[in-house]
Amino acid sequence: MNSNHHNYLILLGTGTSHGVPVLGCTCPTCISDDPHDHRLRSSAYLVYQEQHFLIDTATELRLQALRERIFKVDAVLITHQHADHISGFDDLRCFNQLQERTIPVYGNQATITGLKSNYAYIFDHKVQLGGGKPQVELFTVESEFLVNGILIQPIPVWHGELLVYGYRIGKIAYLTDCSRIPEDSLAKLIGLELLVLGVLRYHPHSTHLHLEAALDLIKRLKPDCTVLTHVCHDFKHAILMQELPSKVMLGYDGQRFEVR
């Protein structure tokens with residue numbers, strides 16, 4: 001993590017809301033000794049044109065940042081307000097201390113409202129007057145926006161009945177929890193070098209893509225490379241990798257991609 005001259009994305013976590021292994025489960029994936037089958041909650045870290053973006057503050061953010069030696073966060077992009085995507089939010093205060101400045105946080109209206117509700121002690125001075133808490137500035141975004149000169153495109157997708165965001169930066173797009181992508185959003189996903197896509201399991205699910213639906217989508221979008229993330233214990237890494245078509249792979253925690 002010591003080079004500012006390359007653009008790269010790191011998958012900090014690739015698991016679903018339970019993580020893998022799942023508590024109390026003895027399925028082949030959960031008892032696997034393959035480190036690729038051990039999945040923290042999903043989030044990513046993107047270094048792009050010398051800016052450092054954290055996508056979601058997953059439950060194990062502290063462990064992920066320690067593992068990857070992450071010391072800088074210029075901005076945080078939140079996909080939505082579900083617990084597995086924001087439960088590490090308080091750990092942003094360590095980056096405040098390292099950088100000695102406030103960190104901007106971006107999301108849609110429901111996400112920003114959810115952060116204020118879940119972390120009232122950060123935003124309501126009557127709840128907590130002192131003590132360590134993140135120094136962040138929240139921004140509600142409804143269309144493309146700039147962060148230090150870099151264009152960020154929110155990609156609205158349906159997560160069941162909840163409208164959440166994926167994000168596109170350059171030729172990289174990151175979409176975790178989605179069950180359906182509107183036509184307007186599909187148009188924003190053409191010409192990708194790297195697509196990171198949430199795919200929960202083999203069988204259909206009400207709020208997430210399953211494998212067959214995801215592969216149909218990938219055929220339509222034709223990215224140079226697709227990486228599956230936000231996966232449950234249905235997928236054993238070594239087995240699924242043999243089943244996937246070319247240019248599609250199952251992601252794993254700590255996986256790093258250099259991007260142009």
# chains A, B, ... in the order shown; residues from 1 in each chain; ligands from 1
call {"tool": "residues_around", "arguments": {"residues": "Cys94 in chain A", "least_positions_apart": "4", "cutoff": "9 Å", "atoms": "only C-alpha atoms", "output": "PDB file with C-alpha atoms, in the first residue's frame"}}
result
ATOM      1  CA  PHE A  71      -3.508   4.733   6.660  1.00  0.00           C
ATOM      2  CA  ASP A  90     -16.830   4.619  14.210  1.00  0.00           C
ATOM      3  CA  LEU A  98      -3.832  10.181  11.306  1.00  0.00           C
ATOM      4  CA  GLN A  99      -4.851  12.892   8.824  1.00  0.00           C
ATOM      5  CA  PRO A 134     -15.487  10.460  13.985  1.00  0.00           C
TER       6      PRO A 134
END
call {"tool": "select_by_dssp", "arguments": {"residues": "range 73-175 of chain A", "states": "strand (DSSP E)", "output": "ChimeraX atom specification"}}
result
/A:75-77,103-107,136-140,145-147,150-159,162-169,172-175
call {"tool": "closest_atom_pairs", "arguments": {"of": "range 172-227 of chain A", "to": "range 250-254 of chain A", "cutoff": "10 Å", "atoms": "only C-alpha atoms", "output": "Markdown table"}}
result
| residue | atom | partner | partner_atom | distance |
| --- | --- | --- | --- | --- |
| A:Val196 | CA | A:Gly251 | CA | 8.5 |
| A:Leu197 | CA | A:Gly251 | CA | 9.5 |
| A:Gly198 | CA | A:Gly251 | CA | 10.0 |
| A:Val199 | CA | A:Leu250 | CA | 9.4 |
| A:Thr226 | CA | A:Leu250 | CA | 8.5 |
| A:Val227 | CA | A:Gly251 | CA | 5.4 |
call {"tool": "write_last_selection", "arguments": {"atoms": "C-alpha atoms", "output": "compact mmCIF listing (two decimals), in the first residue's frame"}}
result
# COMPACT_ATOMS: atom_id res chain seq x y z
CA VAL A 196 -17.27 -5.83 -8.87
CA LEU A 197 -20.73 -7.36 -8.50
CA GLY A 198 -22.60 -8.73 -5.50
CA VAL A 199 -23.87 -12.27 -6.13
CA THR A 226 -16.00 -9.23 -13.41
CA VAL A 227 -15.36 -10.14 -9.79
call {"tool": "residues_around", "arguments": {"residues": "range 180-188 of chain A", "least_positions_apart": "5", "cutoff": "8 Å", "atoms": "only C-alpha atoms", "output": "ChimeraX atom specification"}}
result
/A:155-160,208-209,221
call {"tool": "closest_atom_pairs", "arguments": {"of": "range 102-139 of chain A", "to": "range 56-63 of chain A", "cutoff": "10 Å", "atoms": "only C-alpha atoms", "output": "Markdown table"}}
result
| residue | atom | partner | partner_atom | distance |
| --- | --- | --- | --- | --- |
| A:Val105 | CA | A:Asp56 | CA | 9.7 |
| A:Tyr106 | CA | A:Asp56 | CA | 9.9 |
| A:Gly107 | CA | A:Asp56 | CA | 9.9 |
call {"tool": "select_by_dssp", "arguments": {"residues": "range 16-257 of chain A", "states": "helix (DSSP H, G or I)", "output": "number ranges by chain"}}
result
A: 35-37, 61-68, 83-86, 89-99, 109-118, 120-123, 183-189, 211-221, 237-243
call {"tool": "closest_residue", "arguments": {"among": "A:Cys25, A:His203, A:Asp177, A:Glu193", "to": "Phe257 in chain A", "atoms": "only C-alpha atoms"}}
result
A:Glu193
call {"tool": "atom_distance", "arguments": {"atom1": "CA of Phe53 in chain A", "atom2": "CA of His18 in chain A"}}
result
24.4 Å
call {"tool": "residues_around", "arguments": {"residues": "range 33-43 of chain A", "least_positions_apart": "4", "cutoff": "9 Å", "atoms": "only C-alpha atoms", "output": "ChimeraX atom specification"}}
result
/A:10-21,29,54-61,64,84-85,176,229-233,235-238,251-253
call {"tool": "write_last_selection", "arguments": {"atoms": "N, CA and C atoms", "output": "short mmCIF file (atom, residue, chain, number, x, y, z; two decimals), in the first residue's frame"}}
result
data_model
loop_
_atom_site.label_atom_id
_atom_site.label_comp_id
_atom_site.auth_asym_id
_atom_site.auth_seq_id
_atom_site.Cartn_x
_atom_site.Cartn_y
_atom_site.Cartn_z
N ILE A 10 -8.73 -2.78 -3.84
CA ILE A 10 -8.57 -3.92 -2.95
C ILE A 10 -9.94 -4.31 -2.40
N LEU A 11 -10.28 -5.58 -2.50
CA LEU A 11 -11.48 -6.10 -1.85
C LEU A 11 -11.14 -6.33 -0.37
N LEU A 12 -11.65 -5.46 0.49
CA LEU A 12 -11.37 -5.59 1.92
C LEU A 12 -12.12 -6.76 2.53
N GLY A 13 -13.35 -6.96 2.07
CA GLY A 13 -14.17 -8.08 2.52
C GLY A 13 -15.08 -8.50 1.38
N THR A 14 -15.43 -9.77 1.32
CA THR A 14 -16.24 -10.29 0.22
C THR A 14 -17.44 -11.11 0.70
N GLY A 15 -17.72 -11.08 2.00
CA GLY A 15 -18.79 -11.89 2.56
C GLY A 15 -20.11 -11.16 2.61
N THR A 16 -21.17 -11.93 2.79
CA THR A 16 -22.49 -11.36 2.98
C THR A 16 -22.65 -10.92 4.43
N SER A 17 -23.86 -10.57 4.84
CA SER A 17 -24.08 -9.96 6.16
C SER A 17 -23.69 -10.88 7.31
N HIS A 18 -23.71 -12.20 7.09
CA HIS A 18 -23.31 -13.14 8.14
C HIS A 18 -21.80 -13.30 8.23
N GLY A 19 -21.10 -12.97 7.14
CA GLY A 19 -19.70 -13.34 7.04
C GLY A 19 -19.58 -14.84 6.82
N VAL A 20 -18.38 -15.29 6.49
CA VAL A 20 -18.10 -16.73 6.32
C VAL A 20 -16.77 -17.02 7.01
N PRO A 21 -16.70 -18.02 7.91
CA PRO A 21 -17.77 -18.97 8.26
C PRO A 21 -18.93 -18.31 9.00
N THR A 29 -18.00 -25.13 3.20
CA THR A 29 -17.33 -23.83 3.07
C THR A 29 -16.94 -23.29 4.45
N LEU A 54 -12.73 4.87 0.36
CA LEU A 54 -13.25 3.71 1.08
C LEU A 54 -14.71 3.54 0.68
N ILE A 55 -15.06 2.35 0.19
CA ILE A 55 -16.45 2.07 -0.18
C ILE A 55 -17.06 1.19 0.89
N ASP A 56 -17.93 1.77 1.66
CA ASP A 56 -18.59 1.17 2.83
C ASP A 56 -17.62 1.02 4.01
N THR A 57 -18.19 1.12 5.19
CA THR A 57 -17.43 0.93 6.44
C THR A 57 -17.95 -0.35 7.08
N ALA A 58 -17.48 -1.46 6.56
CA ALA A 58 -18.00 -2.77 6.95
C ALA A 58 -17.72 -3.06 8.43
N THR A 59 -18.40 -4.05 8.94
CA THR A 59 -18.33 -4.41 10.36
C THR A 59 -16.89 -4.60 10.82
N GLU A 60 -16.05 -5.23 10.02
CA GLU A 60 -14.66 -5.49 10.40
C GLU A 60 -13.69 -4.49 9.81
N LEU A 61 -14.12 -3.24 9.61
CA LEU A 61 -13.24 -2.24 8.99
C LEU A 61 -11.88 -2.15 9.67
N GLN A 64 -9.77 -5.05 8.61
CA GLN A 64 -9.44 -4.95 7.20
C GLN A 64 -8.33 -3.93 6.97
N ASP A 84 -24.24 -4.42 7.92
CA ASP A 84 -22.95 -4.97 7.47
C ASP A 84 -22.14 -3.98 6.63
N HIS A 85 -22.79 -2.91 6.19
CA HIS A 85 -22.09 -1.92 5.35
C HIS A 85 -21.70 -0.65 6.12
N THR A 176 -22.67 -3.84 -4.81
CA THR A 176 -22.79 -5.00 -3.92
C THR A 176 -24.22 -5.51 -3.88
N THR A 229 -18.63 -10.59 -5.46
CA THR A 229 -18.42 -10.31 -4.04
C THR A 229 -19.74 -10.42 -3.30
N HIS A 230 -19.71 -10.13 -2.00
CA HIS A 230 -20.90 -10.20 -1.13
C HIS A 230 -21.56 -11.57 -1.26
N VAL A 231 -20.75 -12.61 -1.09
CA VAL A 231 -21.22 -13.98 -1.31
C VAL A 231 -21.41 -14.71 0.03
N CYS A 232 -22.33 -15.66 0.03
CA CYS A 232 -22.59 -16.44 1.24
C CYS A 232 -21.83 -17.76 1.18
N HIS A 233 -22.09 -18.64 2.15
CA HIS A 233 -21.35 -19.89 2.22
C HIS A 233 -21.80 -20.93 1.21
N PHE A 235 -21.07 -20.68 -1.83
CA PHE A 235 -19.95 -20.73 -2.77
C PHE A 235 -18.67 -21.16 -2.08
N LYS A 236 -18.16 -22.31 -2.48
CA LYS A 236 -16.82 -22.72 -2.07
C LYS A 236 -15.86 -22.25 -3.16
N HIS A 237 -14.85 -21.51 -2.77
CA HIS A 237 -14.03 -20.78 -3.74
C HIS A 237 -13.47 -21.69 -4.83
N ALA A 238 -12.83 -22.77 -4.45
CA ALA A 238 -12.16 -23.64 -5.43
C ALA A 238 -13.15 -24.27 -6.40
N GLY A 251 -14.31 -13.27 -6.06
CA GLY A 251 -13.36 -12.48 -5.31
C GLY A 251 -13.05 -13.10 -3.96
N TYR A 252 -11.97 -12.63 -3.35
CA TYR A 252 -11.61 -13.07 -2.00
C TYR A 252 -11.02 -11.90 -1.24
N ASP A 253 -11.07 -11.99 0.07
CA ASP A 253 -10.61 -10.90 0.93
C ASP A 253 -9.13 -10.61 0.68
#
call {"tool": "residues_around", "arguments": {"residues": "range 245-247 of chain A", "least_positions_apart": "3", "cutoff": "12 Å", "atoms": "only C-alpha atoms", "output": "list in words"}}
result
Glu193, Leu194, Leu195, Val196, Leu211, Glu212, Ala214, Leu215, Asp216, Ile218, Lys219, Lys222, Pro223, Asp224, Cys225, Thr226, Val227, Leu228, Leu240, Met241, Gln242 and Leu250 of chain A
call {"tool": "residues_around", "arguments": {"residues": "Leu9 in chain A", "least_positions_apart": "6", "cutoff": "7 Å", "atoms": "only C-alpha atoms", "output": "JSON, numbers by chain"}}
result
{"A": [44, 45, 46, 47, 256, 257, 258]}
call {"tool": "write_last_selection", "arguments": {"atoms": "C-alpha atoms", "output": "compact mmCIF listing (two decimals), in the first residue's frame"}}
result
# COMPACT_ATOMS: atom_id res chain seq x y z
CA ALA A 44 -13.48 -2.04 -0.84
CA TYR A 45 -10.60 0.43 -0.98
CA LEU A 46 -9.82 2.26 -4.21
CA VAL A 47 -6.72 4.33 -4.92
CA ARG A 256 -6.02 -6.54 -5.40
CA PHE A 257 -6.64 -5.32 -8.95
CA GLU A 258 -4.44 -2.88 -10.83
call {"tool": "closest_residue", "arguments": {"among": "A:Gly191, A:Tyr167, A:Lys126, A:Ala65", "to": "Ser143 in chain A", "atoms": "only C-alpha atoms"}}
result
A:Tyr167
call {"tool": "closest_residue", "arguments": {"among": "A:Gln135, A:Gln255, A:Thr111, A:Gln97", "to": "Thr79 in chain A", "atoms": "only C-alpha atoms"}}
result
A:Thr111
call {"tool": "residues_around", "arguments": {"residues": "Leu138 in chain A", "least_positions_apart": "6", "cutoff": "12 Å", "atoms": "only C-alpha atoms", "output": "NGL selection string"}}
result
:A and (75-78 or 102-109 or 111-116 or 122-123)
call {"tool": "write_last_selection", "arguments": {"atoms": "C-alpha atoms", "output": "short mmCIF file (atom, residue, chain, number, x, y, z; two decimals), in the first residue's frame"}}
result
data_model
loop_
_atom_site.label_atom_id
_atom_site.label_comp_id
_atom_site.auth_asym_id
_atom_site.auth_seq_id
_atom_site.Cartn_x
_atom_site.Cartn_y
_atom_site.Cartn_z
CA ALA A 75 -13.52 10.15 1.10
CA VAL A 76 -16.07 7.47 1.99
CA LEU A 77 -18.74 6.23 -0.42
CA ILE A 78 -21.60 4.41 1.32
CA THR A 102 -12.59 15.87 8.62
CA ILE A 103 -13.55 13.13 6.13
CA PRO A 104 -16.41 13.63 3.64
CA VAL A 105 -18.99 10.83 3.44
CA TYR A 106 -21.35 10.42 0.48
CA GLY A 107 -24.60 8.51 0.03
CA ASN A 108 -28.23 8.80 -1.02
CA GLN A 109 -30.85 10.42 1.21
CA THR A 111 -28.30 6.29 3.67
CA ILE A 112 -27.42 9.69 5.14
CA THR A 113 -30.59 9.63 7.26
CA GLY A 114 -29.69 6.11 8.43
CA LEU A 115 -26.18 7.17 9.44
CA LYS A 116 -27.55 10.08 11.49
CA ILE A 122 -21.62 11.62 16.26
CA PHE A 123 -24.09 14.09 14.83
#
